[in-house]
$ cat target_34.cif   # mmCIF, C-alpha atoms
data_target
#
loop_
_atom_site.label_atom_id
_atom_site.label_comp_id
_atom_site.auth_asym_id
_atom_site.auth_seq_id
_atom_site.Cartn_x
_atom_site.Cartn_y
_atom_site.Cartn_z
CA MET N 183 0.00 0.00 0.00
CA SER N 184 1.32 3.43 -0.87
CA LEU N 185 1.55 6.28 1.60
CA PHE N 186 -0.98 8.16 -0.53
CA LEU N 187 -3.60 5.44 -0.06
CA ALA N 188 -2.63 4.90 3.57
CA THR N 189 -3.47 8.54 4.25
CA LEU N 190 -6.40 8.96 1.86
CA LEU N 191 -8.45 5.96 2.97
CA PRO N 192 -8.42 6.74 6.72
CA GLY N 193 -9.17 10.36 5.85
CA LEU N 194 -12.21 9.36 3.82
CA PHE N 195 -13.33 6.96 6.55
CA LEU N 196 -13.04 9.65 9.24
CA ALA N 197 -14.84 12.19 7.07
CA VAL N 198 -17.76 9.83 6.44
CA LEU N 199 -17.94 8.74 10.08
CA GLY N 200 -17.73 12.36 11.22
CA GLY N 201 -20.45 13.40 8.80
CA LEU N 202 -22.73 10.64 10.06
CA LEU N 203 -22.14 11.60 13.69
CA ALA N 204 -22.54 15.31 12.98
CA SER N 205 -25.86 14.69 11.22
CA ASN N 206 -27.20 13.24 14.49
CA GLN N 207 -29.74 11.06 12.72
CA SER N 208 -31.65 8.56 14.82
CA ILE N 209 -30.62 5.61 12.63
CA VAL N 210 -26.94 6.37 13.22
CA THR N 211 -27.50 6.77 16.95
CA SER N 212 -29.48 3.54 17.30
CA SER N 213 -27.04 1.60 15.09
CA LEU N 214 -24.04 2.67 17.15
CA LYS N 215 -25.82 2.01 20.45
CA THR N 216 -26.68 -1.54 19.42
CA LEU N 217 -23.32 -2.26 17.76
CA PRO N 218 -21.41 -3.64 20.78
CA ARG N 219 -23.81 -6.56 21.38
CA SER N 220 -25.14 -7.04 17.87
CA PRO N 221 -24.81 -10.64 16.65
CA THR N 222 -24.84 -9.46 13.04
CA ALA N 223 -22.04 -6.98 13.69
CA ALA N 224 -20.16 -9.69 15.59
CA LEU N 225 -20.43 -12.05 12.66
CA PHE N 226 -19.24 -9.36 10.25
CA PHE N 227 -16.47 -7.67 12.27
CA PHE N 228 -15.15 -10.62 14.28
CA GLY N 229 -15.53 -12.94 11.32
CA ALA N 230 -13.58 -10.57 9.07
CA GLY N 231 -10.91 -9.96 11.71
CA ALA N 232 -10.50 -13.67 12.45
CA ALA N 233 -10.36 -14.60 8.77
CA TRP N 234 -7.76 -11.93 8.06
CA PHE N 235 -5.65 -12.96 11.06
CA VAL N 236 -5.82 -16.65 10.14
CA TRP N 237 -4.82 -15.75 6.58
CA VAL N 238 -1.81 -13.79 7.89
CA VAL N 239 -0.71 -16.69 10.08
CA TRP N 240 -1.31 -19.21 7.27
CA HIS N 241 0.95 -17.23 4.95
CA SER N 242 3.72 -16.63 7.47
CA SER N 243 7.11 -18.15 6.97
CA THR N 244 9.56 -19.91 9.23
CA ALA N 245 11.35 -16.58 9.48
CA ASP N 246 8.36 -15.44 11.57
CA ASN N 247 9.20 -18.26 14.03
CA PHE N 248 6.23 -20.34 12.89
CA ASP N 249 7.50 -23.82 12.11
CA HIS N 250 4.01 -25.11 11.32
CA PRO N 251 1.79 -22.19 10.25
CA ILE N 252 -0.97 -24.51 9.03
CA ILE N 253 -1.41 -26.08 12.47
CA LEU N 254 -1.31 -22.66 14.12
CA SER N 255 -3.84 -21.31 11.61
CA ALA N 256 -6.18 -24.20 12.32
CA ALA N 257 -5.88 -23.59 16.06
CA PHE N 258 -6.67 -19.87 15.69
CA ALA N 259 -9.61 -20.67 13.40
CA ALA N 260 -10.97 -23.11 15.99
CA VAL N 261 -10.65 -20.52 18.74
CA ALA N 262 -12.42 -17.94 16.56
CA LEU N 263 -15.28 -20.31 15.81
CA LEU N 264 -15.62 -21.30 19.46
CA SER N 265 -15.72 -17.61 20.41
CA PHE N 266 -19.13 -17.28 18.78
CA LYS N 267 -20.49 -20.01 21.08
CA CYS N 268 -18.57 -19.49 24.30
CA VAL N 269 -18.08 -15.69 24.54
CA PRO N 270 -20.63 -13.99 22.28
CA ASP N 271 -20.94 -10.82 24.40
CA PHE N 272 -19.27 -7.79 22.86
CA LEU N 273 -17.75 -9.92 20.11
CA ALA N 274 -18.39 -7.11 17.62
CA VAL N 275 -16.19 -4.78 19.67
CA ARG N 276 -13.42 -7.34 19.82
CA GLY N 277 -13.73 -7.84 16.07
CA LEU N 278 -13.41 -4.10 15.52
CA CYS N 279 -10.30 -4.14 17.70
CA VAL N 280 -8.73 -6.96 15.67
CA LEU N 281 -9.51 -5.14 12.42
CA ALA N 282 -8.10 -1.88 13.81
CA LEU N 283 -4.84 -3.61 14.74
CA LEU N 284 -4.49 -5.31 11.38
CA ILE N 285 -5.28 -2.11 9.48
CA ALA N 286 -2.81 -0.19 11.63
CA TRP N 287 -0.16 -2.76 10.75
CA HIS N 288 -0.55 -1.94 7.05
CA LEU N 289 -0.75 1.82 7.61
CA ARG N 290 2.45 1.71 9.65
CA ALA N 291 4.17 -0.30 6.94
CA ALA N 292 3.20 2.30 4.33
CA ALA N 293 4.68 5.13 6.39
CA TYR N 294 7.82 3.22 7.43
CA MET N 295 11.07 5.00 6.54
CA GLU N 296 9.28 7.90 4.84
CA TYR N 297 11.23 10.48 6.81
CA GLU N 298 11.30 13.00 3.95
CA LYS N 299 7.50 13.33 4.26
CA PRO N 300 6.87 14.77 7.75
CA LEU N 301 3.14 15.22 7.11
CA ARG N 302 2.82 11.44 7.37
CA LEU N 303 2.80 11.98 11.12
CA LEU N 304 -0.73 13.38 10.81
CA MET N 305 -1.77 9.83 9.89
CA VAL N 306 0.72 7.87 11.98
CA THR N 307 0.22 9.58 15.35
CA PRO N 308 -3.55 9.04 15.59
CA MET N 309 -3.01 5.52 14.27
CA PHE N 310 -0.93 4.69 17.34
CA LEU N 311 -3.66 6.16 19.53
CA VAL N 312 -6.11 3.84 17.77
CA VAL N 313 -3.79 0.90 18.47
CA GLY N 314 -3.77 1.76 22.18
CA LEU N 315 -7.55 2.18 22.17
CA ALA N 316 -8.00 -1.14 20.36
CA LEU N 317 -5.87 -2.94 22.93
CA TRP N 318 -7.81 -1.34 25.78
CA LEU N 319 -11.23 -2.06 24.25
CA GLY N 320 -10.16 -5.60 23.43
CA VAL N 321 -9.70 -6.19 27.15
CA GLN N 322 -12.70 -4.12 28.31
CA PRO N 323 -15.16 -4.12 25.40
CA TYR N 324 -18.08 -2.92 27.53
CA ARG N 325 -16.35 0.47 27.67
CA LEU N 326 -17.46 1.13 24.08
CA ARG N 327 -21.08 0.64 25.13
CA ASP N 328 -20.53 3.04 28.02
CA PHE N 329 -18.89 5.56 25.69
CA PHE N 330 -21.82 5.44 23.28
CA GLU N 331 -24.26 5.95 26.16
CA TRP N 332 -22.28 9.00 27.28
CA LEU N 333 -21.85 10.30 23.73
CA PHE N 334 -25.51 10.16 22.82
CA ALA N 335 -26.81 11.44 26.17
CA ARG N 336 -26.53 14.95 24.70
CA ALA N 337 -26.81 15.69 21.00
CA ALA N 338 -24.06 18.32 21.19
CA ARG N 339 -21.48 15.70 22.16
CA ALA N 340 -22.14 13.56 19.09
CA ARG N 341 -22.21 16.63 16.83
CA GLY N 342 -18.96 17.91 18.34
CA LEU N 343 -17.16 14.59 17.91
CA GLY N 344 -18.59 14.29 14.41
CA ALA N 345 -17.35 17.76 13.47
CA LEU N 346 -13.90 16.94 14.88
CA LEU N 347 -13.68 13.66 12.95
CA LEU N 348 -15.01 15.28 9.78
CA GLY N 349 -12.46 18.08 10.01
CA TYR N 350 -9.57 15.72 10.67
CA GLY N 351 -10.70 13.47 7.83
CA VAL N 352 -10.68 16.42 5.44
CA VAL N 353 -7.19 17.36 6.65
CA LEU N 354 -5.95 13.80 6.01
CA VAL N 355 -7.48 13.74 2.54
CA ALA N 356 -5.77 17.07 1.76
CA VAL N 357 -2.46 15.80 3.15
CA ALA N 358 -2.67 12.67 1.01
CA PHE N 359 -2.51 14.80 -2.12
CA THR N 360 0.68 16.56 -0.95
CA TYR N 361 2.89 13.44 -1.24
#
$ encode --input "target_34.cif" --output "structure tokens"
Amino acid sequence: MSLFLATLLPGLFLAVLGGLLASNQSIVTSSLKTLPRSPTAALFFFGAGAAWFVWVVWHSSTADNFDHPIILSAAFAAVALLSFKCVPDFLAVRGLCVLALLIAWHLRAAAYMEYEKPLRLLMVTPMFLVVGLALWLGVQPYRLRDFFEWLFARAARARGLGALLLGYGVVLVAVAFTY
């Protein structure tokens, strides 16, 4: 992935997410409030995250210290499948966390050793904050539910966060075209 795409795509994502939050529509509010415990969202997000992770492990080499990546991939796939039966609560949040970590891995790789482009830090710095947030929410996924309850308790909070995300997304899209 190029640095251009690694900056443009998160910028577009943040702009769309910010626009949805700033619009303060009831469908957005209700969708985000039900997201943490939604079985459909769990199937989509956790399924996608588990499939991507298993694919990464399957295609790893012995240089990654995996002597038998097929056996390890099968074990991770079994754990992912059993997660839907044994720990279904907040599985969507955990899936989002896995996806955030895997996406951050590729974004970091795109910005690696690009020292002559200091504006890349506008993408990289928040990405590391997202990594920290994903690790924290992976351990305490109910915190996302609590955050959504706090966020939507007052319409101004959601609009303010939406405006902030929209503005930062526009900045990232503009920065992407400076490379």
$ closest_residue --input "target_34.cif" --among "N:Thr189, N:Thr211, N:Ser255, N:Thr222" --to "N:Pro270" --atoms "all atoms listed in the file"
N:Thr222
$ residues_near_point --input "target_34.cif" --point "(-1.7, -14.5, 14.3)" --cutoff "10 Å" --atoms "all atoms listed in the file" --output "PDB file with C-alpha atoms, in the frame of the given file"
ATOM      1  CA  ALA N 232     -10.500 -13.670  12.450  1.00  0.00           C
ATOM      2  CA  TRP N 234      -7.760 -11.930   8.060  1.00  0.00           C
ATOM      3  CA  PHE N 235      -5.650 -12.960  11.060  1.00  0.00           C
ATOM      4  CA  VAL N 236      -5.820 -16.650  10.140  1.00  0.00           C
ATOM      5  CA  TRP N 237      -4.820 -15.750   6.580  1.00  0.00           C
ATOM      6  CA  VAL N 238      -1.810 -13.790   7.890  1.00  0.00           C
ATOM      7  CA  VAL N 239      -0.710 -16.690  10.080  1.00  0.00           C
ATOM      8  CA  TRP N 240      -1.310 -19.210   7.270  1.00  0.00           C
ATOM      9  CA  SER N 242       3.720 -16.630   7.470  1.00  0.00           C
ATOM     10  CA  PHE N 248       6.230 -20.340  12.890  1.00  0.00           C
ATOM     11  CA  PRO N 251       1.790 -22.190  10.250  1.00  0.00           C
ATOM     12  CA  LEU N 254      -1.310 -22.660  14.120  1.00  0.00           C
ATOM     13  CA  SER N 255      -3.840 -21.310  11.610  1.00  0.00           C
ATOM     14  CA  PHE N 258      -6.670 -19.870  15.690  1.00  0.00           C
TER      15      PHE N 258
END
$ atom_distance --input "target_34.cif" --atom1 "atom CA of N:Val353" --atom2 "atom CA of N:Ala230"
28.8 Å
$ atom_distance --input "target_34.cif" --atom1 "atom CA of N:Ser213" --atom2 "atom CA of N:Gly193"
21.9 Å
$ residues_around --input "target_34.cif" --residues "N:Ala335" --least-positions-apart "6" --cutoff "12 Å" --atoms "all atoms listed in the file" --output "PyMOL selection string"
chain N and resi 206+211+215+328-329+341
$ write_last_selection --input "target_34.cif" --atoms "C-alpha atoms" --output "PDB file, keeping the file's coordinate frame"
ATOM      1  CA  ASN N 206     -27.200  13.240  14.490  1.00  0.00           C
ATOM      2  CA  THR N 211     -27.500   6.770  16.950  1.00  0.00           C
ATOM      3  CA  LYS N 215     -25.820   2.010  20.450  1.00  0.00           C
ATOM      4  CA  ASP N 328     -20.530   3.040  28.020  1.00  0.00           C
ATOM      5  CA  PHE N 329     -18.890   5.560  25.690  1.00  0.00           C
ATOM      6  CA  ARG N 341     -22.210  16.630  16.830  1.00  0.00           C
TER       7      ARG N 341
END
$ residues_near_point --input "target_34.cif" --point "(-10.1, -17.4, 18.7)" --cutoff "12 Å" --atoms "all atoms listed in the file" --output "ChimeraX atom specification"
/N:228-229,231-233,235-236,254-270,273,276-277,280
$ axis_aligned_box --input "target_34.cif" --around "stretch 260-265 of chain N" --padding-each-side "5 Å" --output "lines of an AutoDock Vina configuration file"
center_x = -13.2
center_y = -20.4
center_z = 18.1
size_x = 15.1
size_y = 15.5
size_z = 14.6
$ build_atoms --input "target_34.cif" --residues "stretch 214-227 of chain N" --atoms "N, CA and C atoms" --output "PDB file, in the coordinates of the input"
ATOM      1  N   LEU N 214     -25.250   2.675  16.330  1.00  0.00           N
ATOM      2  CA  LEU N 214     -24.040   2.670  17.150  1.00  0.00           C
ATOM      3  C   LEU N 214     -24.313   2.182  18.564  1.00  0.00           C
ATOM      4  N   LYS N 215     -25.490   2.489  19.098  1.00  0.00           N
ATOM      5  CA  LYS N 215     -25.820   2.010  20.450  1.00  0.00           C
ATOM      6  C   LYS N 215     -25.974   0.495  20.499  1.00  0.00           C
ATOM      7  N   THR N 216     -26.491  -0.089  19.426  1.00  0.00           N
ATOM      8  CA  THR N 216     -26.680  -1.540  19.420  1.00  0.00           C
ATOM      9  C   THR N 216     -25.464  -2.303  18.895  1.00  0.00           C
ATOM     10  N   LEU N 217     -24.482  -1.618  18.347  1.00  0.00           N
ATOM     11  CA  LEU N 217     -23.320  -2.260  17.760  1.00  0.00           C
ATOM     12  C   LEU N 217     -22.558  -3.182  18.706  1.00  0.00           C
ATOM     13  N   PRO N 218     -22.260  -2.784  19.949  1.00  0.00           N
ATOM     14  CA  PRO N 218     -21.410  -3.640  20.780  1.00  0.00           C
ATOM     15  C   PRO N 218     -21.943  -5.053  21.010  1.00  0.00           C
ATOM     16  N   ARG N 219     -23.258  -5.232  21.107  1.00  0.00           N
ATOM     17  CA  ARG N 219     -23.810  -6.560  21.380  1.00  0.00           C
ATOM     18  C   ARG N 219     -24.551  -7.162  20.196  1.00  0.00           C
ATOM     19  N   SER N 220     -24.426  -6.561  19.045  1.00  0.00           N
ATOM     20  CA  SER N 220     -25.140  -7.040  17.870  1.00  0.00           C
ATOM     21  C   SER N 220     -24.536  -8.336  17.333  1.00  0.00           C
ATOM     22  N   PRO N 221     -25.345  -9.399  17.214  1.00  0.00           N
ATOM     23  CA  PRO N 221     -24.810 -10.640  16.650  1.00  0.00           C
ATOM     24  C   PRO N 221     -24.437 -10.504  15.175  1.00  0.00           C
ATOM     25  N   THR N 222     -25.174  -9.681  14.448  1.00  0.00           N
ATOM     26  CA  THR N 222     -24.840  -9.460  13.040  1.00  0.00           C
ATOM     27  C   THR N 222     -23.512  -8.739  12.900  1.00  0.00           C
ATOM     28  N   ALA N 223     -23.312  -7.699  13.716  1.00  0.00           N
ATOM     29  CA  ALA N 223     -22.040  -6.980  13.690  1.00  0.00           C
ATOM     30  C   ALA N 223     -20.904  -7.885  14.156  1.00  0.00           C
ATOM     31  N   ALA N 224     -21.179  -8.758  15.125  1.00  0.00           N
ATOM     32  CA  ALA N 224     -20.160  -9.690  15.590  1.00  0.00           C
ATOM     33  C   ALA N 224     -19.745 -10.638  14.473  1.00  0.00           C
ATOM     34  N   LEU N 225     -20.736 -11.146  13.756  1.00  0.00           N
ATOM     35  CA  LEU N 225     -20.430 -12.050  12.660  1.00  0.00           C
ATOM     36  C   LEU N 225     -19.594 -11.341  11.590  1.00  0.00           C
ATOM     37  N   PHE N 226     -19.959 -10.104  11.283  1.00  0.00           N
ATOM     38  CA  PHE N 226     -19.240  -9.360  10.250  1.00  0.00           C
ATOM     39  C   PHE N 226     -17.843  -8.952  10.716  1.00  0.00           C
ATOM     40  N   PHE N 227     -17.750  -8.216  11.840  1.00  0.00           N
ATOM     41  CA  PHE N 227     -16.470  -7.670  12.270  1.00  0.00           C
ATOM     42  C   PHE N 227     -15.521  -8.738  12.814  1.00  0.00           C
TER      43      PHE N 227
END
